[in-house]
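Below is model.cif, which holds mmCIF, C-alpha atoms and all ligand atoms.
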data_structure
loop_
_atom_site.label_atom_id
_atom_site.label_comp_id
_atom_site.auth_asym_id
_atom_site.auth_seq_id
_atom_site.Cartn_x
_atom_site.Cartn_y
_atom_site.Cartn_z
CA MET A 1 3.07 -55.66 1.69
CA ARG A 2 6.62 -57.03 1.94
CA PRO A 3 7.38 -60.77 1.55
CA PRO A 4 7.27 -62.77 4.79
CA GLU A 5 10.49 -63.17 6.74
CA HIS A 6 11.32 -66.67 5.51
CA GLN A 7 11.34 -65.46 1.88
CA ARG A 8 13.92 -62.74 2.56
CA ALA A 9 17.60 -63.56 2.07
CA VAL A 10 18.84 -60.49 3.96
CA ALA A 11 17.15 -58.88 6.93
CA ALA A 12 17.03 -55.22 7.91
CA ALA A 13 17.19 -53.73 11.40
CA ILE A 14 17.45 -50.33 13.08
CA CYS A 15 21.04 -50.15 14.40
CA GLY A 16 21.22 -46.43 15.25
CA ILE A 17 18.80 -43.69 16.24
CA GLY A 18 18.97 -39.96 16.96
CA SER A 19 16.78 -36.90 17.13
CA TYR A 20 16.98 -33.14 17.20
CA LEU A 21 14.58 -30.49 18.45
CA PRO A 22 15.21 -26.77 17.93
CA GLU A 23 16.04 -24.77 21.04
CA ARG A 24 13.19 -22.26 20.81
CA VAL A 25 10.00 -23.34 22.58
CA LEU A 26 6.53 -22.00 21.78
CA THR A 27 4.13 -22.60 24.67
CA ASN A 28 0.36 -22.55 24.72
CA ALA A 29 0.65 -19.29 26.67
CA ASP A 30 2.66 -17.83 23.76
CA LEU A 31 -0.10 -18.90 21.34
CA GLU A 32 -2.73 -17.24 23.54
CA GLN A 33 -1.00 -13.97 22.59
CA LEU A 34 -1.25 -14.74 18.86
CA VAL A 35 -4.76 -16.16 18.35
CA ASP A 36 -8.06 -16.51 20.21
CA THR A 37 -7.22 -19.74 22.02
CA SER A 38 -6.46 -20.98 25.52
CA ASP A 39 -4.12 -23.42 27.17
CA GLU A 40 -7.20 -25.22 28.48
CA TRP A 41 -8.66 -25.68 24.95
CA ILE A 42 -5.37 -26.86 23.44
CA VAL A 43 -4.57 -29.31 26.25
CA SER A 44 -8.06 -30.77 26.47
CA ARG A 45 -8.49 -31.16 22.65
CA THR A 46 -4.95 -32.23 21.77
CA GLY A 47 -2.77 -32.92 24.83
CA ILE A 48 -0.17 -30.46 23.51
CA ARG A 49 1.48 -28.02 25.95
CA GLU A 50 4.46 -26.77 23.96
CA ARG A 51 6.36 -27.30 20.74
CA HIS A 52 9.83 -26.46 19.37
CA ILE A 53 10.27 -23.96 16.54
CA VAL A 54 13.22 -23.52 14.17
CA ALA A 55 15.47 -20.50 14.59
CA GLU A 56 15.71 -18.02 11.75
CA GLY A 57 17.88 -19.56 9.04
CA GLU A 58 17.54 -23.06 10.49
CA ALA A 59 16.19 -25.43 7.82
CA THR A 60 14.82 -28.95 7.55
CA SER A 61 18.22 -30.23 6.34
CA ASP A 62 19.99 -28.73 9.39
CA MET A 63 17.66 -30.60 11.75
CA ALA A 64 17.91 -33.82 9.72
CA ALA A 65 21.72 -33.60 9.67
CA ALA A 66 21.86 -33.05 13.45
CA ALA A 67 19.63 -36.08 14.14
CA SER A 68 21.54 -38.16 11.58
CA ARG A 69 24.95 -37.47 13.17
CA VAL A 70 23.65 -38.86 16.48
CA ALA A 71 22.11 -41.91 14.77
CA LEU A 72 25.34 -42.66 12.90
CA GLU A 73 27.44 -42.33 16.04
CA ARG A 74 25.17 -44.66 18.01
CA ALA A 75 25.22 -47.16 15.13
CA GLY A 76 29.02 -46.98 14.99
CA VAL A 77 28.66 -46.26 11.27
CA SER A 78 30.66 -43.65 9.41
CA ALA A 79 28.82 -41.37 6.95
CA SER A 80 31.15 -42.63 4.24
CA ASP A 81 29.76 -46.17 4.77
CA LEU A 82 26.20 -45.16 3.81
CA ASP A 83 24.78 -46.56 0.57
CA LEU A 84 21.64 -44.42 0.53
CA ILE A 85 20.00 -41.49 2.31
CA ILE A 86 16.22 -41.05 2.31
CA VAL A 87 14.71 -37.93 3.84
CA ALA A 88 10.98 -37.95 4.51
CA THR A 89 9.67 -34.40 4.60
CA SER A 90 6.80 -32.14 3.56
CA THR A 91 8.88 -29.01 4.18
CA PRO A 92 12.00 -29.46 2.05
CA ASP A 93 14.62 -26.68 2.24
CA MET A 94 13.51 -25.76 -1.30
CA ALA A 95 11.63 -27.34 -4.21
CA PHE A 96 14.91 -28.79 -5.43
CA PRO A 97 17.56 -30.02 -4.96
CA ALA A 98 16.34 -32.72 -2.61
CA THR A 99 16.87 -32.05 1.09
CA ALA A 100 18.56 -35.48 1.24
CA CYS A 101 21.36 -34.13 -1.00
CA LEU A 102 21.86 -31.20 1.40
CA VAL A 103 21.94 -33.62 4.34
CA GLN A 104 24.42 -35.81 2.47
CA THR A 105 26.94 -32.99 2.16
CA LYS A 106 26.31 -31.72 5.72
CA ILE A 107 27.14 -35.10 7.26
CA GLY A 108 29.99 -35.89 4.85
CA ALA A 109 28.43 -38.83 2.98
CA SER A 110 28.84 -39.56 -0.72
CA CYS A 111 25.99 -42.00 -1.50
CA ALA A 112 22.69 -41.77 -3.40
CA ALA A 113 20.13 -39.48 -1.77
CA TYR A 114 16.48 -38.67 -2.34
CA ASP A 115 13.43 -37.17 -0.64
CA LEU A 116 10.12 -38.89 -0.12
CA ASN A 117 6.80 -37.18 0.55
CA ALA A 118 4.03 -39.13 2.22
CA ALA A 119 3.20 -36.25 4.59
CA CYS A 120 3.12 -37.33 8.24
CA THR A 121 3.36 -41.01 7.22
CA GLY A 122 6.65 -40.23 5.46
CA PHE A 123 8.91 -41.89 8.01
CA ILE A 124 7.05 -45.23 7.73
CA TYR A 125 7.17 -45.06 3.92
CA ALA A 126 10.89 -44.18 3.98
CA LEU A 127 11.69 -46.97 6.43
CA ASP A 128 9.96 -49.41 4.08
CA ALA A 129 11.99 -48.10 1.12
CA ALA A 130 15.18 -48.59 3.17
CA CYS A 131 14.17 -52.17 4.04
CA ALA A 132 13.40 -52.91 0.39
CA ALA A 133 16.84 -51.63 -0.65
CA ILE A 134 18.55 -53.79 1.98
CA GLU A 135 16.46 -56.92 1.49
CA SER A 136 16.98 -56.79 -2.28
CA GLY A 137 20.74 -56.55 -1.79
CA ARG A 138 20.97 -53.09 -3.39
CA ALA A 139 22.19 -51.47 -0.18
CA ARG A 140 23.63 -52.57 3.15
CA THR A 141 23.41 -49.38 5.19
CA VAL A 142 20.70 -46.75 4.74
CA LEU A 143 20.08 -43.52 6.63
CA VAL A 144 16.40 -42.62 7.02
CA ALA A 145 15.57 -39.18 8.38
CA GLY A 146 12.14 -37.70 9.07
CA SER A 147 12.45 -33.94 9.33
CA ASP A 148 9.91 -31.15 9.17
CA ALA A 149 9.71 -27.46 9.93
CA LEU A 150 5.94 -27.16 9.79
CA SER A 151 6.11 -23.80 11.57
CA THR A 152 7.33 -22.41 8.22
CA ILE A 153 4.05 -23.35 6.48
CA VAL A 154 1.60 -22.82 9.32
CA ASP A 155 -0.82 -19.90 9.15
CA PHE A 156 -0.29 -18.31 12.56
CA ALA A 157 -3.66 -16.57 12.16
CA ASP A 158 -5.53 -19.90 11.90
CA ARG A 159 -6.16 -21.11 15.44
CA SER A 160 -7.46 -24.48 14.28
CA THR A 161 -4.03 -25.48 12.91
CA CYS A 162 -1.32 -23.24 14.38
CA VAL A 163 -1.63 -24.76 17.85
CA LEU A 164 -0.94 -28.28 16.58
CA PHE A 165 2.42 -28.31 14.88
CA GLY A 166 6.07 -28.17 15.94
CA ASP A 167 9.46 -28.64 14.29
CA GLY A 168 12.05 -31.38 14.68
CA ALA A 169 13.90 -34.30 13.15
CA GLY A 170 14.55 -37.95 13.89
CA ALA A 171 16.84 -40.35 12.08
CA VAL A 172 17.64 -44.04 12.05
CA VAL A 173 20.42 -46.08 10.49
CA VAL A 174 19.00 -49.23 8.92
CA CYS A 175 21.56 -52.02 8.48
CA ALA A 176 21.67 -55.46 6.92
CA ALA A 177 21.40 -57.76 9.92
CA GLY A 178 21.71 -61.44 10.73
CA GLU A 179 18.17 -61.66 12.03
CA PRO A 180 15.19 -59.53 11.11
CA GLY A 181 14.63 -56.40 13.16
CA ILE A 182 12.01 -54.97 10.84
CA LEU A 183 9.40 -57.69 10.52
CA SER A 184 6.54 -56.27 8.48
CA THR A 185 5.22 -53.08 6.94
CA VAL A 186 1.79 -52.17 5.64
CA LEU A 187 1.25 -48.97 3.66
CA GLY A 188 -1.88 -47.34 2.31
CA ALA A 189 -3.07 -44.24 0.49
CA ASP A 190 -6.39 -42.74 -0.58
CA GLY A 191 -6.04 -39.74 -2.85
CA ALA A 192 -9.79 -39.14 -2.72
CA GLY A 193 -9.10 -37.55 0.67
CA ALA A 194 -6.45 -35.16 -0.66
CA ASP A 195 -8.52 -32.05 0.05
CA LEU A 196 -8.83 -32.78 3.77
CA LEU A 197 -5.28 -31.70 4.56
CA LYS A 198 -3.12 -29.75 2.14
CA VAL A 199 -1.08 -26.70 1.27
CA PRO A 200 -3.08 -25.57 -1.78
CA GLY A 201 -0.67 -23.01 -3.25
CA GLY A 202 2.98 -22.83 -4.18
CA GLY A 203 3.08 -25.96 -6.36
CA SER A 204 2.55 -26.48 -10.10
CA ALA A 205 -1.25 -26.54 -9.72
CA SER A 206 -1.25 -23.06 -8.27
CA PRO A 207 2.16 -21.39 -8.31
CA ALA A 208 2.93 -18.87 -5.61
CA THR A 209 1.88 -15.33 -6.51
CA CYS A 210 1.67 -12.17 -4.41
CA GLU A 211 -2.09 -12.78 -4.21
CA SER A 212 -1.88 -16.43 -3.18
CA VAL A 213 0.73 -15.67 -0.55
CA ALA A 214 -1.41 -12.80 0.78
CA ALA A 215 -4.43 -15.15 0.86
CA ARG A 216 -2.26 -17.61 2.85
CA GLU A 217 -2.72 -20.32 0.24
CA VAL A 218 0.85 -21.42 0.79
CA SER A 219 -0.08 -22.47 4.34
CA ILE A 220 -1.66 -25.61 5.79
CA ARG A 221 -5.42 -26.02 5.34
CA MET A 222 -7.11 -28.81 7.24
CA ASN A 223 -10.54 -30.22 7.90
CA GLY A 224 -9.62 -31.24 11.46
CA PRO A 225 -12.69 -33.27 12.42
CA GLU A 226 -12.59 -35.34 9.19
CA VAL A 227 -8.86 -36.03 9.58
CA PHE A 228 -9.54 -36.98 13.19
CA LYS A 229 -12.19 -39.52 12.15
CA PHE A 230 -9.90 -40.95 9.47
CA ALA A 231 -7.02 -41.30 11.94
CA VAL A 232 -9.11 -43.09 14.54
CA ARG A 233 -10.09 -45.63 11.86
CA ALA A 234 -6.71 -45.94 10.11
CA VAL A 235 -4.33 -46.24 13.07
CA PRO A 236 -5.78 -49.39 14.70
CA LYS A 237 -6.39 -51.02 11.32
CA ALA A 238 -2.81 -50.47 10.13
CA ALA A 239 -1.31 -51.50 13.50
CA ARG A 240 -3.37 -54.71 13.54
CA ALA A 241 -2.35 -55.55 9.94
CA ALA A 242 1.36 -55.02 10.68
CA LEU A 243 1.15 -57.22 13.78
CA LYS A 244 -0.64 -59.95 11.85
CA ALA A 245 1.90 -59.87 9.02
CA ALA A 246 4.68 -60.23 11.61
CA HIS A 247 2.85 -63.14 13.32
CA LEU A 248 2.59 -61.12 16.54
CA THR A 249 -0.35 -60.39 18.82
CA ILE A 250 -1.24 -57.39 20.95
CA GLU A 251 0.05 -59.35 23.97
CA ASP A 252 3.51 -59.54 22.36
CA LEU A 253 3.65 -55.79 21.95
CA ALA A 254 6.05 -53.89 24.25
CA TRP A 255 5.28 -50.47 22.76
CA LEU A 256 2.88 -48.95 20.30
CA VAL A 257 4.54 -45.82 18.91
CA PRO A 258 1.90 -43.80 17.06
CA HIS A 259 2.32 -40.61 15.05
CA GLN A 260 2.17 -37.89 17.69
CA ALA A 261 -0.68 -35.76 16.35
CA ASN A 262 -3.23 -35.62 19.12
CA GLN A 263 -3.50 -37.42 22.48
CA ARG A 264 -7.19 -38.13 21.84
CA ILE A 265 -6.35 -39.98 18.61
CA MET A 266 -3.77 -42.10 20.44
CA ASP A 267 -6.19 -42.83 23.29
CA ALA A 268 -8.94 -43.85 20.86
CA ALA A 269 -6.56 -46.12 18.93
CA ALA A 270 -5.33 -47.74 22.15
CA GLU A 271 -8.90 -48.40 23.21
CA LYS A 272 -9.83 -49.94 19.86
CA LEU A 273 -6.72 -52.13 19.88
CA HIS A 274 -7.12 -53.06 23.58
CA VAL A 275 -3.55 -51.92 24.26
CA PRO A 276 -3.05 -50.70 27.84
CA ALA A 277 -2.40 -46.94 27.89
CA GLU A 278 1.00 -47.45 29.54
CA ARG A 279 2.22 -49.30 26.44
CA VAL A 280 1.25 -46.49 24.05
CA PHE A 281 4.11 -44.03 23.90
CA SER A 282 3.30 -40.33 23.88
CA ASN A 283 5.48 -37.25 23.96
CA VAL A 284 2.99 -35.01 22.16
CA ALA A 285 2.69 -32.72 25.20
CA GLY A 286 6.24 -31.48 24.75
CA VAL A 287 6.72 -31.55 20.98
CA GLY A 288 3.32 -31.23 19.29
CA ASN A 289 2.85 -32.72 15.83
CA THR A 290 6.27 -32.75 14.15
CA SER A 291 4.94 -34.57 11.05
CA CYS A 292 7.67 -36.78 9.50
CA ALA A 293 9.83 -36.40 12.61
CA SER A 294 7.13 -37.46 15.02
CA ILE A 295 7.67 -41.24 15.05
CA PRO A 296 11.51 -41.28 15.08
CA VAL A 297 11.59 -38.53 17.73
CA ALA A 298 9.19 -40.59 19.86
CA LEU A 299 11.29 -43.73 19.30
CA ASP A 300 14.45 -41.85 20.28
CA ASP A 301 12.74 -40.61 23.45
CA LEU A 302 11.91 -44.21 24.33
CA TYR A 303 15.48 -45.31 23.58
CA THR A 304 17.31 -42.53 25.45
CA SER A 305 15.05 -42.92 28.49
CA GLY A 306 16.09 -46.58 28.73
CA ARG A 307 12.66 -48.03 27.98
CA LEU A 308 13.74 -50.16 25.00
CA ALA A 309 15.56 -53.45 25.33
CA PRO A 310 16.74 -55.92 22.68
CA GLY A 311 14.02 -58.35 21.65
CA MET A 312 11.10 -56.05 22.43
CA ALA A 313 8.33 -56.02 19.82
CA LEU A 314 7.18 -52.57 18.70
CA VAL A 315 4.65 -51.22 16.23
CA LEU A 316 5.23 -47.81 14.68
CA VAL A 317 2.08 -46.41 13.10
CA GLY A 318 1.46 -43.22 11.15
CA PHE A 319 -1.20 -41.34 9.20
CA GLY A 320 -1.34 -38.08 7.35
CA ALA A 321 -2.20 -36.03 4.31
CA GLY A 322 -2.72 -37.85 1.06
CA LEU A 323 -4.48 -39.43 2.73
CA THR A 324 -1.74 -41.86 3.71
CA TRP A 325 -1.22 -44.38 6.48
CA GLY A 326 1.26 -47.09 7.39
CA ALA A 327 2.56 -49.31 10.16
CA THR A 328 5.75 -51.27 10.81
CA ALA A 329 6.23 -54.12 13.27
CA LEU A 330 9.80 -54.60 14.45
CA ARG A 331 12.02 -56.19 17.03
CA TRP A 332 14.33 -53.74 18.76
CA ILE A 333 17.98 -54.84 18.52
CA MET A 334 19.96 -51.92 20.00
CA PRO A 335 21.21 -52.39 23.58
CA ALA A 336 19.93 -49.81 26.08
CA PRO A 337 22.15 -46.71 26.29
CA ALA A 338 24.78 -46.66 29.03
CA ARG A 339 23.52 -44.78 32.10
CA LYS A 340 25.33 -41.51 32.77
CA GLY A 341 27.17 -40.92 36.08
O1 LIG B 1 -0.64 -35.23 11.07
C1 LIG B 1 -2.02 -35.20 10.87
C2 LIG B 1 -2.48 -33.82 11.22
N1 LIG B 1 -3.79 -33.60 11.61
C3 LIG B 1 -4.42 -34.08 12.69
O2 LIG B 1 -4.02 -34.97 13.35
C4 LIG B 1 -5.68 -33.37 13.03
C5 LIG B 1 -6.79 -34.26 13.50
N2 LIG B 1 -7.83 -33.44 14.07
C6 LIG B 1 -7.75 -32.94 15.33
O3 LIG B 1 -6.78 -33.17 16.04
C7 LIG B 1 -8.91 -32.14 15.84
O4 LIG B 1 -9.93 -32.14 14.89
C8 LIG B 1 -8.54 -30.68 16.21
C9 LIG B 1 -7.64 -30.66 17.44
C10 LIG B 1 -7.83 -30.01 15.05
C11 LIG B 1 -9.80 -29.89 16.54
O5 LIG B 1 -10.50 -30.52 17.59
P1 LIG B 1 -12.07 -30.77 17.45
O6 LIG B 1 -12.50 -31.33 18.74
O7 LIG B 1 -12.28 -31.60 16.22
O8 LIG B 1 -12.61 -29.30 17.30
P2 LIG B 1 -13.44 -28.64 16.11
O9 LIG B 1 -12.55 -28.44 14.92
O10 LIG B 1 -14.71 -29.41 15.91
O11 LIG B 1 -13.77 -27.24 16.75
C12 LIG B 1 -14.56 -27.13 17.90
C13 LIG B 1 -14.63 -25.65 18.27
C14 LIG B 1 -15.00 -24.75 17.09
O12 LIG B 1 -15.80 -23.71 17.58
P3 LIG B 1 -17.40 -23.77 17.37
O13 LIG B 1 -17.61 -23.80 15.88
O14 LIG B 1 -17.87 -25.01 18.06
O15 LIG B 1 -17.86 -22.50 18.01
C15 LIG B 1 -13.67 -24.17 16.68
O16 LIG B 1 -13.78 -22.90 16.07
O17 LIG B 1 -13.35 -25.22 18.72
C16 LIG B 1 -12.96 -24.04 18.01
N3 LIG B 1 -11.50 -24.05 17.89
C17 LIG B 1 -10.72 -23.50 18.84
N4 LIG B 1 -10.99 -22.89 20.00
C18 LIG B 1 -9.96 -22.46 20.76
C19 LIG B 1 -10.73 -24.56 16.91
N5 LIG B 1 -9.44 -24.35 17.21
C20 LIG B 1 -9.40 -23.70 18.40
C21 LIG B 1 -8.36 -23.23 19.21
N6 LIG B 1 -8.68 -22.63 20.38
N7 LIG B 1 -7.04 -23.39 18.89
#
Please re-express this file's structure in structure tokens.
Ligand code: UT7
Amino acid sequence: MRPPEHQRAVAAAICGIGSYLPERVLTNADLEQLVDTSDEWIVSRTGIRERHIVAEGEATSDMAAAASRVALERAGVSASDLDLIIVATSTPDMAFPATACLVQTKIGASCAAYDLNAACTGFIYALDAACAAIESGRARTVLVAGSDALSTIVDFADRSTCVLFGDGAGAVVVCAAGEPGILSTVLGADGAGADLLKVPGGGSASPATCESVAAREVSIRMNGPEVFKFAVRAVPKAARAALKAAHLTIEDLAWLVPHQANQRIMDAAAEKLHVPAERVFSNVAGVGNTSCASIPVALDDLYTSGRLAPGMALVLVGFGAGLTWGATALRWIMPAPARKG
């Protein structure tokens, strides 16, 4: 848990946001051709109707760079002004170098850069690392990108997972600010739940071999119902803790922006928190679960559709493999985008 506001000499705030979704769309009807599933099953169990999928040759760093360029432009910050780039991802372009280094060169920055893996909670973890760097005076301007191409590690023969995930990226520029935008963050992890959601092969524990690739061990394996139960417990608990640490109540909350994994998880969390459904943002129908990109893509949707105004209190809340979870309470400081036409 970060120190309370009054103990921080410098505050951090989101001063730019952007997102990117690949052009290609995979609908539930397309998936009906691949596995024994139905649009009815997918919509009723998850709320997902379609998701975006990377083009051949399009990598996590390409998506992160595209989202980052938009975030930098909206922040009025040049890439050369960045002190640090953090990319949250579970699908790096390659084992090394870090995807953040590839993003750095693609956007023309020259600062320190590293990747962070907290699975689908990665964006919340990375945002906290950015705040810590700013509040400690080690950095003034940090780019945080959440980018994942989960379609590259999904087993398209496993109907219980392949219908859930999509690709995309979201990015924010976090700046040293006069007043705190980011008010509180709570993070958690429980490695005892590591087996519930993982890619078992391809790492040092079980390097990729012809056999392991053939057995699809380099793809996502998930115990869906157990992850579901965990999420329904973790999301309200983390959101409540972040609100409390920021001295806010549910009534103060303009938007709850949860990790977009499953509409039923979001509905259950809203019910437990007593947040009216219209204040819980969801775009899962059109993007599916984009892992590290999910929260910043959702936030960018809110921003570009003119539903965020300066001073609004938001809670971003995520959960994922690890198991990991985390929530951030913040005050939005960016003015609404100018209306076109
Ligand atoms: O970022 C974090 C990522 N993970 C999550 O958020 C996942 C959390 N879990 C979930 O969202 C849900 O558990 C799922 C959507 C994955 C599954 O929903 P469920 O209501 O928990 O279904 P289930 O796994 O208990 O399966 C119910 C039935 C099973 O058939 P039987 O055994 O009852 O005959 C499955 O085989 O549904 C079957 N099933 C499907 N049927 C049609 C599983 N996947 C599909 C499918 N289409 N795609």
Residue contacts of Leu330 of chain A (9 Å, all atoms listed in the file) excluding same-chain residues fewer than 3 positions away, as a list of chain:residue names: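 Listing them by chain and then by number gives A:Ala13, A:Ile14, A:Pro180, A:Gly181, A:Ile182, A:Leu183, A:Ser184, A:Thr185, A:Ala246, A:Met312, A:Ala313, A:Leu314, A:Val315, A:Leu316.
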Produce a file of the selected residues containing C-alpha atoms, as a short mmCIF file (atom, residue, chain, number, x, y, z; two decimals), keeping the file's coordinate frame.
data_model
loop_
_atom_site.label_atom_id
_atom_site.label_comp_id
_atom_site.auth_asym_id
_atom_site.auth_seq_id
_atom_site.Cartn_x
_atom_site.Cartn_y
_atom_site.Cartn_z
CA ALA A 13 17.19 -53.73 11.40
CA ILE A 14 17.45 -50.33 13.08
CA PRO A 180 15.19 -59.53 11.11
CA GLY A 181 14.63 -56.40 13.16
CA ILE A 182 12.01 -54.97 10.84
CA LEU A 183 9.40 -57.69 10.52
CA SER A 184 6.54 -56.27 8.48
CA THR A 185 5.22 -53.08 6.94
CA ALA A 246 4.68 -60.23 11.61
CA MET A 312 11.10 -56.05 22.43
CA ALA A 313 8.33 -56.02 19.82
CA LEU A 314 7.18 -52.57 18.70
CA VAL A 315 4.65 -51.22 16.23
CA LEU A 316 5.23 -47.81 14.68
#
Chain A residues near ligand LIG 1 (chain B) within 7 Å, closest pair each, using all atoms listed in the file, as CSV:
residue,atom,partner,partner_atom,distance
A:Asp36,CA,B:LIG1,N6,6.2
A:Thr37,CA,B:LIG1,N6,3.6
A:Ser38,CA,B:LIG1,N6,5.8
A:Trp41,CA,B:LIG1,C18,5.4
A:Ile42,CA,B:LIG1,N7,6.0
A:Arg45,CA,B:LIG1,C9,5.3
A:Thr46,CA,B:LIG1,C9,5.3
A:Cys120,CA,B:LIG1,O1,5.2
A:Arg159,CA,B:LIG1,N7,4.2
A:Ser160,CA,B:LIG1,N5,3.5
A:Thr161,CA,B:LIG1,C10,6.3
A:Val163,CA,B:LIG1,N7,5.7
A:Gly224,CA,B:LIG1,O4,3.6
A:Pro225,CA,B:LIG1,O4,3.9
A:Val227,CA,B:LIG1,C5,4.8
A:Phe228,CA,B:LIG1,C5,3.9
A:Ala261,CA,B:LIG1,O2,4.6
A:Asn262,CA,B:LIG1,O3,5.3
A:Asn289,CA,B:LIG1,O1,6.4
A:Ser291,CA,B:LIG1,O1,5.6
A:Phe319,CA,B:LIG1,O1,6.4
A:Gly320,CA,B:LIG1,C1,4.6
A:Ala321,CA,B:LIG1,C1,6.6
Spatial neighbours of His259 of chain A, 6 Å, only C-alpha atoms, chain gap at least 2 places, as JSON, numbers by chain: {"A": [261, 294, 295, 318]}
Just C-alpha atoms for this one: save the residues we selected as a PDB file, in the frame of the given file.
ATOM      1  CA  ALA A 261      -0.680 -35.760  16.350  1.00  0.00           C
ATOM      2  CA  SER A 294       7.130 -37.460  15.020  1.00  0.00           C
ATOM      3  CA  ILE A 295       7.670 -41.240  15.050  1.00  0.00           C
ATOM      4  CA  GLY A 318       1.460 -43.220  11.150  1.00  0.00           C
TER       5      GLY A 318
END
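Here atom CA of Gly178 of chain A and atom CA of Thr249 of chain A stand 23.5 Å from one another.
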One-decimal distance in Å that lies between atom CA of Arg74 of chain A and atom CA of Asp301 of chain A: 14.2 Å
From A:Ala98, A:Cys15, A:Leu253, A:Ala149, residue lying nearest Glu73 of chain A [only C-alpha atoms]: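 Ranked by minimum distance to Glu73 of chain A, first place goes to A:Cys15.
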For Val154 of chain A: contacts at 9 Å, all atoms listed in the file, fewer than 6 positions along chain excluded, given as a list of chain:residue names: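 Result of the neighbour search: A:Thr161, A:Cys162, A:Phe165, A:Val218, A:Ser219, A:Ile220, A:Arg221.
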